[in-house]
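All remarks here apply to the structure that follows.
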Amino acid sequence: MFDGNVSPDVSVVGPGDHDDPDVAVMVSVHGDEFAGPRAVYRFLDEDPDLQRPVKFVVANPPAAVSDLRYLDVDLNRVVPGDPDSEDRERRLAAQIVEEIEGCLTLSIHTTHATPEPLAFLHAGFPDALAAAADLPLDHVVEEGRVLEGVFASRGVVSVETGMARSDAATSNARKIVRAFLRHADALEGEPRGADRETRYYEIYQMATKPSSTDDYRLLVENFRPVEAGETYAEYEDQRLVAEEDFVPVLMSVHGYPDIFGYKGREVGRTLEAAREAWIDNE
């Protein structure tokens, strides 16, 4: 049934003028991913000494209450949305885009693919790239060649904090929220250790499943390079062999019925290399 009243849950916390914060943290884009809301609620329960107002957005409250990824359509595939759609998530997307306009925004997710936290973003957003580089992450991935209709296309930094429904993902999310707010000068302290190396990648192709089954055996690890000719998955008498070198990104047999994840390539190991690849050449 069409419910015109569906809307994100938005709270502003911190000192000063609350009318127009330019920093935001978003959770529950997918309603069955708990690490984000748990991390934010625990962070706010500590009564943090925020230095500027921050907007906290629960993106899809109906899906979160229902413990479902989405109710009508995937919210993170229909951006910028449609305020007049009968799909709840399309209406929500339109409201969220308006809500976070002008904000440096962190969106928190979890995955079935890897315990390692990683960030996704789109090329052409220097503020998002600078923020991602300041987070406690080993991997930052540009997804614009493959994924459309996602919040990263609006300059949002989307972070996968670890395995779905794990305590580690919540713990990672809390650290990432703090680092992000420190980067944005909303919280005192340094965002991350100076000795951490981040690698930067871009995905260029989906890694499809020939058969819609979870019975495949995945023979590779995420972010470990695969060489041309190497078998990366098998199912019964099927062997999937790499036609070219690639880096697996968010590959899993359980995430989606039709794809394992994504094929990527490394663009560098410094912020300068990533900026040259994604910002300076835009």
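To be explicit about the labels: the chains of the structure tokens are called A, B, and onward in the order shown, and within each one the residues are counted from 1, while ligands get numbers from 1 in the order they are shown.
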Could you give me, as a Markdown table, every range 147-184 of chain A residue with an atom at most 12 Å from range 251-266 of chain A, plus its closest atom pair and distance in Å to one decimal, counting only C-alpha atoms, rows ordered by chain then number?
```
| residue | atom | partner | partner_atom | distance |
| --- | --- | --- | --- | --- |
| A:Leu147 | CA | A:Tyr262 | CA | 10.2 |
| A:Met163 | CA | A:Gly255 | CA | 11.0 |
| A:Ala164 | CA | A:Gly255 | CA | 10.3 |
```
Output file for the residues above (N, CA and C atoms, as a PDB file, in the first residue's frame):
```
ATOM      1  N   LEU A 147      28.682   0.505 -10.535  1.00  0.00           N
ATOM      2  CA  LEU A 147      27.457   0.669  -9.761  1.00  0.00           C
ATOM      3  C   LEU A 147      26.847   2.046  -9.957  1.00  0.00           C
ATOM      4  N   MET A 163      31.827  -8.334   8.699  1.00  0.00           N
ATOM      5  CA  MET A 163      30.847  -9.368   8.390  1.00  0.00           C
ATOM      6  C   MET A 163      29.497  -9.044   9.027  1.00  0.00           C
ATOM      7  N   ALA A 164      28.440  -9.294   8.270  1.00  0.00           N
ATOM      8  CA  ALA A 164      27.090  -9.002   8.729  1.00  0.00           C
ATOM      9  C   ALA A 164      26.808  -9.683  10.063  1.00  0.00           C
TER      10      ALA A 164
END
```
Contact residues around Gly189 in chain A with only C-alpha atoms at 9 Å, ignoring same-chain residues under 6 positions, as a list in words: Ala179, Arg182 and His183 of chain A
Pull N, CA, C and O atoms from the residues just selected and write them as a PDB file, in the first residue's frame.
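Wrote it out as out.pdb, contents follow:
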```pdb
ATOM      1  N   ALA A 179      36.698   8.195  13.822  1.00  0.00           N
ATOM      2  CA  ALA A 179      37.725   8.704  12.910  1.00  0.00           C
ATOM      3  C   ALA A 179      37.132   9.691  11.916  1.00  0.00           C
ATOM      4  O   ALA A 179      37.732  10.727  11.606  1.00  0.00           O
ATOM      5  N   ARG A 182      36.432  12.946  13.641  1.00  0.00           N
ATOM      6  CA  ARG A 182      37.691  13.659  13.873  1.00  0.00           C
ATOM      7  C   ARG A 182      38.193  14.303  12.584  1.00  0.00           C
ATOM      8  O   ARG A 182      38.671  15.434  12.583  1.00  0.00           O
ATOM      9  N   HIS A 183      38.089  13.565  11.486  1.00  0.00           N
ATOM     10  CA  HIS A 183      38.474  14.143  10.192  1.00  0.00           C
ATOM     11  C   HIS A 183      37.668  15.405   9.896  1.00  0.00           C
ATOM     12  O   HIS A 183      38.211  16.384   9.360  1.00  0.00           O
TER      13      HIS A 183
END
```
Could you pull the residues within 9 Å of Val65 in chain A, counting only C-alpha atoms, minus those fewer than 3 positions along the same chain, as a ChimeraX atom specification? /A:31-32,60-62,68
To one decimal place, how far is CA of Asp185 in chain A from CA of Asp19 in chain A in Å?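 Interatomic distance here is 18.2 Å.
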Residues of range 45-261 of chain A classed as strand (DSSP E or B) by DSSP on the backbone are to be reported as a PyMOL selection string. chain A and resi 54-58+104-111+118-121+139-142+157-163+199-208+217-218+226+231-235+238-241+246-249+259-261
Would you pick out the contacts of Leu137 in chain A at 6 Å or less, using only C-alpha atoms, so that residues sharing its chain but fewer than 2 positions from it are not included, and give the list as a list in words?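 Residues near the query, excluding close chain neighbours: Pro117, Leu118, Leu135 and His139 of chain A.
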What does the distance between CA of Ala113 in chain A and CA of Leu218 in chain A come to in Å, to one decimal place?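 Going from CA of Ala113 in chain A over to CA of Leu218 in chain A covers 10.8 Å.
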So, counting only C-alpha atoms, which residue among A:Thr198, A:Ser7, A:Thr111, A:Asn76 is closest to Arg88 in chain A?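 Result for the nearest residue to Arg88 in chain A: A:Ser7.
With CA of Pro15 in chain A on one side and CA of Leu106 in chain A on the other, the separation reads 19.7 Å.
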Go through range 57-182 of chain A and collect every residue that DSSP, computed from the backbone, puts in alpha helix (DSSP H); the answer should be as a ChimeraX atom specification. /A:61-66,88-100,126-133,167-182
Find the residue from A:Gly229, A:Pro8, A:Pro80, A:Pro136 that sits nearest to Val58 in chain A; use only C-alpha atoms when measuring. A:Pro8
Near-Leu92 in chain A list (10 Å; only C-alpha atoms; drop same-chain fewer than 4 positions) as number ranges by chain: A: 5-8, 29, 59-61, 75, 78-83, 85, 87-88, 96-98
Those residues with C-alpha atoms, as a compact mmCIF listing (two decimals), in the first residue's frame please?
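Here's the written file result.txt:
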```txt
# COMPACT_ATOMS: atom_id res chain seq x y z
CA ASN A 5 4.39 9.32 5.39
CA VAL A 6 7.49 7.14 5.20
CA SER A 7 10.61 9.17 5.95
CA PRO A 8 14.15 8.78 7.30
CA VAL A 29 20.36 2.08 4.30
CA ALA A 59 17.83 5.93 6.32
CA ASN A 60 15.22 3.16 6.16
CA PRO A 61 13.36 2.80 9.49
CA LEU A 75 17.49 1.83 -1.34
CA VAL A 78 17.64 3.85 -6.69
CA VAL A 79 19.38 7.15 -5.88
CA PRO A 80 18.38 9.97 -6.47
CA GLY A 81 14.92 8.45 -5.97
CA ASP A 82 11.46 9.72 -6.78
CA PRO A 83 9.25 11.54 -4.24
CA SER A 85 6.97 6.72 -6.42
CA ASP A 87 8.10 2.27 -3.84
CA ARG A 88 8.96 3.30 -0.31
CA ILE A 96 17.70 11.48 1.94
CA VAL A 97 19.38 13.12 -1.04
CA GLU A 98 17.75 16.40 -0.03
```
Among listed residues A:Ser158, A:Val27, A:Asp245, A:Ser171, nearest Ala131 in chain A (using only C-alpha atoms): A:Ser158
So, with only C-alpha atoms as the atoms that count, which of A:Arg178, A:Ser66, A:Ala233, A:Gly144 lies closest to Glu46 in chain A? A:Arg178
